[in-house]
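What follows is a set of notes on a single structure, which appears directly below.
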Amino acid sequence: MIQARFGAAGTWLIAGITAACLGAILCLFGLLAAAGLAPFWPSAISELQLHDGRSLLGEIVREDSASAIDPALAIRTSESAHMGSAYQRIRLDQIAARTQPADAILIALTDGRRLFARGDAAQETSLLAEAAAPASVLEVLRPNALGFGQRCAVFVQHLVRFLATAPAASNLVGGVLPALLGTLTLVLLMSLIVMPFGVATAIYLHRRRGFGVRFVRTAINQLAGVPSIVYGVLGLGLFVHGLGAGIDRLFYSERLPVPTFGSGGLLWAALTLALLTLPVVVVSVEEGLARIPASLREGSLALGATHDETLWRLLLPAARPALLTGLILAVARAAGAVAPLMLVGVVKLAPTLPIDGAFPYLHPSRQFMHLGFSIYDAALASPDTIRGVPRAYACAGLLVGVVLLLNLSAILLRNRLRERYRALET
Amino acid sequence: MLNAAPEFPREAEPSGHTSERAAVALRTQGLCLHYGHRVALSDLDLTIPKQRITALIGPSGCGKSSLLRCLNRLNDEIADARVEGRVFIGATDAYAKDTLVHDLRRRVGMVFQRPNPFPLSIHDNVAYGLRLLGIRRRRELDERIEAALKAAALWDEVVARLDDSAFSLSLGQQQRLVIARAIAVEPEILMLDEPASALDPAATLRFEELLHELAQRYTLLLVTHNMQQAARVSDFTAFLHQGRLIEFGETDAVFTNPRERQTEDFITGRYG
């Protein structure tokens with residue numbers, strides 16, 4: 001049909017554009033996977049012999065191609081003072097020889113510093129003793145001596161540590177567990193808030209007719225186009241400074257001026273995101289309700305069901321695939337929104353987790369960390385870009401992974417439901 | 001509640017058959033239905049006898065289905081539908097202010113033209129109406145579901161797969177399922193809107209046998225396009241044309257010796 005209307009050239013154009021879109025998506029995932037996973041791979045330790053007789057031991061973190069005007073490389077040598085203090089730029093023509101000695105040792109410290117040395121086990125022990133203070137040793141590796149299998153094992157170990165530990169050294173090293181937990185808790189709480197409101201609104205719009213309803217529907221559709229940062233401002237003014245401050249005055253007055261709910265926190269961020277995602281939920285649920293054939297509704301009414309009974313027992317269950325579609329869209333939009341969160345509760349480093357073992361387990365007033373914000377923080381606000389940028393990629397990859405995982409589970413659930421309701425659509 | 005003994009309007013009284021006067025299941029008095037400015041039914045006086053099969057015949061668009069939807073007030077759901085006149089279900093005035101619509105609809109069951117099983121299991125389809133009645137006990141539910149499915153001649157085919165989706169059934173089975181669903185709540189009248197139009201000939205034949213069995217217990221009101229079916233199945237026949245009741249009488253009488261010219265033309269296939 002496309003061919004009939006556009007001719008062969010048009011078909012190729014459309015195919016090309018589609019291919020370009022697919023290519024862009026593949027590039028995105030490829031980039032995130034490659035750049036995001038690279039920092040976990042145990043990199044080799046190089047030793048450079050320079051023409052002036054110096055010798056440098058460390059990781060080469062960046063290298064220009066030989067065709068550049070002034071080709072050079074950057075090497076990170078032992079950071080004995082503090083993290084990020086030992087980068088050196090070496091012009092390629094300064095280098096006499098380059099080796100990767102098998103006895104090179106990497107000592108990673110918990111404060112993020114990396115120390116390099118060469119030697120046998122005895123030297124390693126003495127090195128450890130002197131290096132440790134004041135931080136403790138995180139791991140000791142001889143990366144050049146590792147075989148491929150061992151490197152893979154180290155890679156997995158690094159990956160697990162990234163997912164399962166807290167960050168250190170102002171977010172430049174260590175794991176992202178708090179951010180991951182914060183993101184998941186936030187999305188979950190947002191879903192719990194937005195679904196009842198969205199579904200109730202959709203039911204109202206579905207039932208009523210007339211000018212008022214058309215106005216409300218148009219208004220809701222317009223809300224979908226409001227930039228997300230505006231919702232952040234709204235959340236700050238309405239929830240944090242309005243509602244939160246009010247709650248503090250009423251219930252936590254003994255703690256004032258230290259705010260409890262009167263500062264950004266998980267609950268306010270979830271509410272803000274719920275506002276942000278309300279339009280997509282309303283629209284998809286209302287469409288889902290409208291798609292249910294009238295014969296089902298009439299069949300239920302003809303059996304003596306009231307409108308409410310028909311809604312609860314038949315229409316809403318039959319609209320569950322649409323509810324899930326709404327939820328998927330909401331989660332995707334919410335997980336990607338960082339700007340509003342910066343106004344209502346996301347912080348660079350939160351001292352506590354939003355969920356922990358202490359009663360009441362979920363702490364809605366606490367500030368929290370978020371993967372989206374971690375990306376921004378690592379890429380743009382870190383003092384050490386050589387460490388920060390790969391970390392931003394890793395966080396981005398993880399965020400995409402989390403969203404994909406959430407969506408995938410919702411899609412699988414929806415497909416199982418659709419299977420049941422497929423006969424309705426014919 | 002109105003409980004005045006309904007009187008037979010002269011012109012709608014079943015002709016012939018004077019030996020026994022059948023009890024009345026349903027009666028309309030001067031029933032008019034408008035959709036906006038369009039008149040769908042005008043001044044309809046009809047009396048449906050109890051525990052008989054009454055066929056409604058007439059050309060497309062003559063108001064047969066609209067009439068059914070008046071009787072269980074399903075037209076209430078259509079925004080611009082307006083009903084005048086009176087409908088008595090037994091002794092209840094269907095359009096009286098104090099009549100509970102959902103209660104009325106339970107008493108007047110309806111089977112639609114296309115089978116419309118709910119997206120639930122076979123069991124839950126039949127249980128739907130029972131649960132609306134507040135029946136929660138597993139045993140009572142199961143007993144009544146079994147009875148309804150047996151009455152709809154479906155039990156033997158589905159007993160092994162009651163928890164399967166209703167959509168896994170064939171069209172004919174689905175139609176019997178929605179009949180089971182309708183009779184599970186023990187209606188007084190069962191209205192069927194061209195129930196056999198989606199069925200193949202073999203299924204139609206079985207279906208007509210089922211109608212005869214159902215007529216032992218229920219008053220059936222059957223809309224059909226199929227003259228032979230009306231002749232085969234029904235005890236009484238009403239012929240509607242352009243929203244008016246042209247003729248009503250015993251099926252044999254209507255088909256062999258129609259009083260009205262229009263009826264004869266329609267039955268012999270000169271139009272419609």
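Numbering starts fresh at 1 for the residues of each chain in the structure tokens, the chains themselves are lettered A, B, ... in the order given, and ligands are numbered from 1 as they appear.
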Enumerate as number ranges by chain all residues of segment 111-168 of chain B assigned to alpha helix (DSSP H) by DSSP on the backbone, naming them with the chain letters and numbers the document uses. B: 122-132, 138-151, 155-158
Find the residues around Arg313 of chain A up to 12 Å (only C-alpha atoms counted), leave out those fewer than 2 positions away in its own chain, and share them as a list in words.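 These residues fall inside the cut-off: Leu296, Arg297, Ser300, Leu301, Ala305, Thr306, His307, Asp308, Glu309, Thr310, Leu311, Leu315, Leu316, Pro317, Ala318, Ala319 and Arg320 of chain A; Phe118, Pro119, Leu120, Asp124, Asn125, Ala127, Tyr128, Gly129, Arg131 and Leu132 of chain B.
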Closest of A:Val346, A:Pro390, A:Leu406, A:Pro293 to chain B - atom-to-atom distances counting only C-alpha atoms: A:Pro293
For Ala33 of chain A, list every protein, DNA or RNA residue within 10 Å, evaluated using only C-alpha atoms, and leave out those in the same chain fewer than 5 positions away; present the list as a VMD selection string. chain A and resid 27 to 28 38 393 to 394 396 to 398
Using only C-alpha atoms, which protein or nucleic acid residues come within 12 Å of Glu213 of chain B? Drop anything in the same chain fewer than 6 positions from it, and give the result as a PDB file with C-alpha atoms, in the first residue's frame.
ATOM      1  CA  GLN B  51     -44.070 -20.254  29.526  1.00  0.00           C
ATOM      2  CA  ARG B  52     -44.583 -20.056  25.825  1.00  0.00           C
ATOM      3  CA  ILE B  53     -42.241 -19.142  23.031  1.00  0.00           C
ATOM      4  CA  LYS B 150     -27.336 -28.426  32.242  1.00  0.00           C
ATOM      5  CA  ALA B 151     -30.431 -26.424  31.413  1.00  0.00           C
ATOM      6  CA  ALA B 152     -28.520 -24.792  28.570  1.00  0.00           C
ATOM      7  CA  ALA B 153     -27.378 -28.226  27.336  1.00  0.00           C
ATOM      8  CA  ARG B 206     -29.692 -28.252  18.400  1.00  0.00           C
ATOM      9  CA  PHE B 207     -30.315 -24.743  19.543  1.00  0.00           C
ATOM     10  CA  THR B 219     -41.234 -17.422  29.010  1.00  0.00           C
ATOM     11  CA  LEU B 220     -39.233 -17.002  25.844  1.00  0.00           C
ATOM     12  CA  VAL B 233     -40.133 -23.048  17.286  1.00  0.00           C
TER      13      VAL B 233
END
Could you pull the residues within 12 Å of Ser60 of chain B, counting only C-alpha atoms, minus those fewer than 5 positions along the same chain, as a PDB file with N, CA and C atoms, in the first residue's frame?
ATOM      1  N   ALA B  40     -38.967   4.791  16.834  1.00  0.00           N
ATOM      2  CA  ALA B  40     -38.602   3.392  16.667  1.00  0.00           C
ATOM      3  C   ALA B  40     -39.794   2.482  16.934  1.00  0.00           C
ATOM      4  N   SER B  65     -35.526  -5.457  17.902  1.00  0.00           N
ATOM      5  CA  SER B  65     -34.500  -5.385  18.944  1.00  0.00           C
ATOM      6  C   SER B  65     -34.758  -4.221  19.887  1.00  0.00           C
ATOM      7  N   SER B  66     -35.238  -3.109  19.318  1.00  0.00           N
ATOM      8  CA  SER B  66     -35.541  -1.951  20.160  1.00  0.00           C
ATOM      9  C   SER B  66     -36.598  -2.302  21.187  1.00  0.00           C
ATOM     10  N   GLU B 194     -32.202 -12.663  17.920  1.00  0.00           N
ATOM     11  CA  GLU B 194     -31.604 -13.427  16.818  1.00  0.00           C
ATOM     12  C   GLU B 194     -30.467 -14.308  17.298  1.00  0.00           C
ATOM     13  N   VAL B 223     -36.510 -13.012  18.986  1.00  0.00           N
ATOM     14  CA  VAL B 223     -36.458 -12.211  17.769  1.00  0.00           C
ATOM     15  C   VAL B 223     -35.764 -13.036  16.707  1.00  0.00           C
ATOM     16  N   THR B 224     -36.365 -13.159  15.552  1.00  0.00           N
ATOM     17  CA  THR B 224     -35.695 -13.943  14.520  1.00  0.00           C
ATOM     18  C   THR B 224     -35.980 -13.377  13.141  1.00  0.00           C
ATOM     19  N   HIS B 225     -35.007 -13.580  12.258  1.00  0.00           N
ATOM     20  CA  HIS B 225     -35.135 -13.178  10.867  1.00  0.00           C
ATOM     21  C   HIS B 225     -35.624 -14.333  10.021  1.00  0.00           C
ATOM     22  N   ASN B 226     -35.596 -15.495  10.649  1.00  0.00           N
ATOM     23  CA  ASN B 226     -35.777 -16.729   9.911  1.00  0.00           C
ATOM     24  C   ASN B 226     -37.218 -17.197  10.082  1.00  0.00           C
ATOM     25  N   PHE B 239     -45.921  -9.897  14.529  1.00  0.00           N
ATOM     26  CA  PHE B 239     -45.311  -9.310  13.341  1.00  0.00           C
ATOM     27  C   PHE B 239     -45.243  -7.803  13.517  1.00  0.00           C
ATOM     28  N   LEU B 240     -44.051  -7.284  13.462  1.00  0.00           N
ATOM     29  CA  LEU B 240     -43.841  -5.848  13.606  1.00  0.00           C
ATOM     30  C   LEU B 240     -43.459  -5.258  12.256  1.00  0.00           C
ATOM     31  N   HIS B 241     -43.956  -4.070  12.003  1.00  0.00           N
ATOM     32  CA  HIS B 241     -43.574  -3.397  10.781  1.00  0.00           C
ATOM     33  C   HIS B 241     -43.515  -1.899  11.059  1.00  0.00           C
ATOM     34  N   GLN B 242     -42.365  -1.307  10.801  1.00  0.00           N
ATOM     35  CA  GLN B 242     -42.148   0.125  11.002  1.00  0.00           C
ATOM     36  C   GLN B 242     -42.601   0.582  12.382  1.00  0.00           C
ATOM     37  N   GLY B 243     -42.210  -0.197  13.360  1.00  0.00           N
ATOM     38  CA  GLY B 243     -42.460   0.214  14.736  1.00  0.00           C
ATOM     39  C   GLY B 243     -43.872  -0.035  15.219  1.00  0.00           C
ATOM     40  N   PHE B 266     -45.155 -10.399   3.945  1.00  0.00           N
ATOM     41  CA  PHE B 266     -43.844 -10.600   4.566  1.00  0.00           C
ATOM     42  C   PHE B 266     -43.507 -12.075   4.672  1.00  0.00           C
ATOM     43  N   TYR B 271     -41.606  -9.060   0.584  1.00  0.00           N
ATOM     44  CA  TYR B 271     -40.637  -8.013   0.947  1.00  0.00           C
ATOM     45  C   TYR B 271     -40.011  -8.368   2.284  1.00  0.00           C
ATOM     46  N   GLY B 272     -39.013  -7.616   2.635  1.00  0.00           N
ATOM     47  CA  GLY B 272     -38.406  -7.815   3.950  1.00  0.00           C
ATOM     48  C   GLY B 272     -37.150  -8.645   3.874  1.00  0.00           C
TER      49      GLY B 272
END
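Minimum atom-to-atom distances from B:Glu143, B:Asp93, B:Asp76, B:Glu247 to chain A were compared using only C-alpha atoms, and the lowest value belongs to B:Asp76.
Among the candidate residues A:Trp312, A:Pro360, A:Gln157, A:Gly304, the one lying nearest to His102 of chain B is A:Gly304, with distances computed using only C-alpha atoms.
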Interface list for chain B, partner chain A, 9 Å threshold, only C-alpha atoms, as a PyMOL selection string: chain B and resi 72-74+77+101-112+114-120+128-129+132-133+165+167+178+181-182+185
Any idea what's packed within 10 Å of Ile386 of chain A, counting only C-alpha atoms, ignoring anything in its chain fewer than 4 positions away? Could you give it as number ranges by chain? A: 61-62, 74, 76, 84, 87, 172, 379, 382, 390-391
Atom pair atom CA of Ala350 of chain A / atom CA of Ser409 of chain A: separation (Å): 29.1 Å
Any idea what's packed within 12 Å of Ala81 of chain B, counting only C-alpha atoms, ignoring anything in its chain fewer than 6 positions away? Could you give it as JSON, numbers by chain? {"B": [32, 33, 34, 35, 36, 37, 38, 39, 40, 41, 66, 69, 70, 73, 74, 75]}
Export of prior selection with N, CA and C atoms as an mmCIF file, in the first residue's frame:
data_model
loop_
_atom_site.group_PDB
_atom_site.id
_atom_site.type_symbol
_atom_site.label_atom_id
_atom_site.label_comp_id
_atom_site.auth_asym_id
_atom_site.auth_seq_id
_atom_site.Cartn_x
_atom_site.Cartn_y
_atom_site.Cartn_z
ATOM 1 N N CYS B 32 -44.215 3.613 23.245
ATOM 2 C CA CYS B 32 -43.578 4.374 22.170
ATOM 3 C C CYS B 32 -42.107 4.537 22.501
ATOM 4 N N LEU B 33 -41.270 4.472 21.474
ATOM 5 C CA LEU B 33 -39.837 4.671 21.700
ATOM 6 C C LEU B 33 -39.313 5.613 20.631
ATOM 7 N N HIS B 34 -38.618 6.656 21.072
ATOM 8 C CA HIS B 34 -37.987 7.588 20.138
ATOM 9 C C HIS B 34 -36.496 7.576 20.377
ATOM 10 N N TYR B 35 -35.736 7.523 19.297
ATOM 11 C CA TYR B 35 -34.303 7.815 19.381
ATOM 12 C C TYR B 35 -34.130 9.198 18.801
ATOM 13 N N GLY B 36 -33.962 10.179 19.656
ATOM 14 C CA GLY B 36 -33.913 11.542 19.154
ATOM 15 C C GLY B 36 -35.236 11.862 18.485
ATOM 16 N N HIS B 37 -35.170 12.211 17.182
ATOM 17 C CA HIS B 37 -36.406 12.521 16.475
ATOM 18 C C HIS B 37 -36.979 11.310 15.763
ATOM 19 N N ARG B 38 -36.199 10.231 15.730
ATOM 20 C CA ARG B 38 -36.642 9.056 15.005
ATOM 21 C C ARG B 38 -37.595 8.240 15.880
ATOM 22 N N VAL B 39 -38.690 7.814 15.303
ATOM 23 C CA VAL B 39 -39.643 6.984 16.035
ATOM 24 C C VAL B 39 -39.285 5.527 15.778
ATOM 25 N N ALA B 40 -38.967 4.791 16.834
ATOM 26 C CA ALA B 40 -38.602 3.392 16.667
ATOM 27 C C ALA B 40 -39.794 2.482 16.934
ATOM 28 N N LEU B 41 -40.607 2.830 17.902
ATOM 29 C CA LEU B 41 -41.807 2.059 18.210
ATOM 30 C C LEU B 41 -42.927 3.046 18.443
ATOM 31 N N SER B 66 -35.238 -3.109 19.318
ATOM 32 C CA SER B 66 -35.541 -1.951 20.160
ATOM 33 C C SER B 66 -36.598 -2.302 21.187
ATOM 34 N N ARG B 69 -35.064 -4.134 24.008
ATOM 35 C CA ARG B 69 -34.283 -3.247 24.862
ATOM 36 C C ARG B 69 -35.166 -2.325 25.691
ATOM 37 N N CYS B 70 -36.430 -2.156 25.267
ATOM 38 C CA CYS B 70 -37.378 -1.415 26.100
ATOM 39 C C CYS B 70 -37.802 -2.253 27.302
ATOM 40 N N ARG B 73 -35.247 -2.264 29.857
ATOM 41 C CA ARG B 73 -34.773 -0.891 30.077
ATOM 42 C C ARG B 73 -33.308 -0.705 29.726
ATOM 43 N N LEU B 74 -32.803 -1.489 28.778
ATOM 44 C CA LEU B 74 -31.431 -1.283 28.336
ATOM 45 C C LEU B 74 -31.327 0.005 27.519
ATOM 46 N N ASN B 75 -32.477 0.480 27.030
ATOM 47 C CA ASN B 75 -32.473 1.756 26.312
ATOM 48 C C ASN B 75 -32.139 2.922 27.217
#
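Among the candidate residues B:Ala231, B:Asp98, B:Ile145, B:Ser121, the one lying nearest to Leu169 of chain B is B:Ser121, with distances computed using only C-alpha atoms.
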Hey, what does DSSP flag as strand (DSSP E) within segment 81-251 of chain B? Can you give it to me as a ChimeraX atom specification? /B:81-89,92-93,108-111,189-193,219-223,236-241,244-250
Suppose we keep C-alpha atoms; can you now write the selection as a PDB file, in the first residue's frame?
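Resulting contents of part_38.pdb:
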ATOM      1  CA  ALA B  81     -33.708   7.338  23.777  1.00  0.00           C
ATOM      2  CA  ARG B  82     -37.154   8.324  25.116  1.00  0.00           C
ATOM      3  CA  VAL B  83     -39.830   5.854  26.167  1.00  0.00           C
ATOM      4  CA  GLU B  84     -43.551   6.516  26.607  1.00  0.00           C
ATOM      5  CA  GLY B  85     -46.313   4.149  27.589  1.00  0.00           C
ATOM      6  CA  ARG B  86     -46.138   1.352  30.088  1.00  0.00           C
ATOM      7  CA  VAL B  87     -44.467  -2.015  30.372  1.00  0.00           C
ATOM      8  CA  PHE B  88     -45.569  -4.581  32.914  1.00  0.00           C
ATOM      9  CA  ILE B  89     -43.253  -7.424  33.820  1.00  0.00           C
ATOM     10  CA  THR B  92     -44.384  -4.722  38.063  1.00  0.00           C
ATOM     11  CA  ASP B  93     -44.570  -1.477  36.174  1.00  0.00           C
ATOM     12  CA  VAL B 108     -35.878 -10.132  32.262  1.00  0.00           C
ATOM     13  CA  GLY B 109     -32.891 -12.026  30.938  1.00  0.00           C
ATOM     14  CA  MET B 110     -31.418 -11.161  27.578  1.00  0.00           C
ATOM     15  CA  VAL B 111     -29.315 -13.076  25.069  1.00  0.00           C
ATOM     16  CA  ILE B 189     -38.620 -13.954  30.904  1.00  0.00           C
ATOM     17  CA  LEU B 190     -35.752 -14.778  28.596  1.00  0.00           C
ATOM     18  CA  MET B 191     -35.415 -12.559  25.559  1.00  0.00           C
ATOM     19  CA  LEU B 192     -33.287 -13.814  22.680  1.00  0.00           C
ATOM     20  CA  ASP B 193     -32.226 -11.392  19.975  1.00  0.00           C
ATOM     21  CA  THR B 219     -41.234 -17.422  29.010  1.00  0.00           C
ATOM     22  CA  LEU B 220     -39.233 -17.002  25.844  1.00  0.00           C
ATOM     23  CA  LEU B 221     -39.321 -13.993  23.591  1.00  0.00           C
ATOM     24  CA  LEU B 222     -37.441 -14.738  20.399  1.00  0.00           C
ATOM     25  CA  VAL B 223     -36.458 -12.211  17.769  1.00  0.00           C
ATOM     26  CA  PHE B 236     -47.124 -17.309  19.262  1.00  0.00           C
ATOM     27  CA  THR B 237     -45.904 -14.883  16.665  1.00  0.00           C
ATOM     28  CA  ALA B 238     -45.927 -11.122  16.605  1.00  0.00           C
ATOM     29  CA  PHE B 239     -45.311  -9.310  13.341  1.00  0.00           C
ATOM     30  CA  LEU B 240     -43.841  -5.848  13.606  1.00  0.00           C
ATOM     31  CA  HIS B 241     -43.574  -3.397  10.781  1.00  0.00           C
ATOM     32  CA  ARG B 244     -46.068  -0.957  14.831  1.00  0.00           C
ATOM     33  CA  LEU B 245     -47.532  -4.263  15.856  1.00  0.00           C
ATOM     34  CA  ILE B 246     -49.351  -5.469  12.756  1.00  0.00           C
ATOM     35  CA  GLU B 247     -50.460  -8.869  13.877  1.00  0.00           C
ATOM     36  CA  PHE B 248     -50.212 -11.107  16.894  1.00  0.00           C
ATOM     37  CA  GLY B 249     -51.562 -14.591  17.282  1.00  0.00           C
ATOM     38  CA  GLU B 250     -50.854 -18.262  17.508  1.00  0.00           C
TER      39      GLU B 250
END
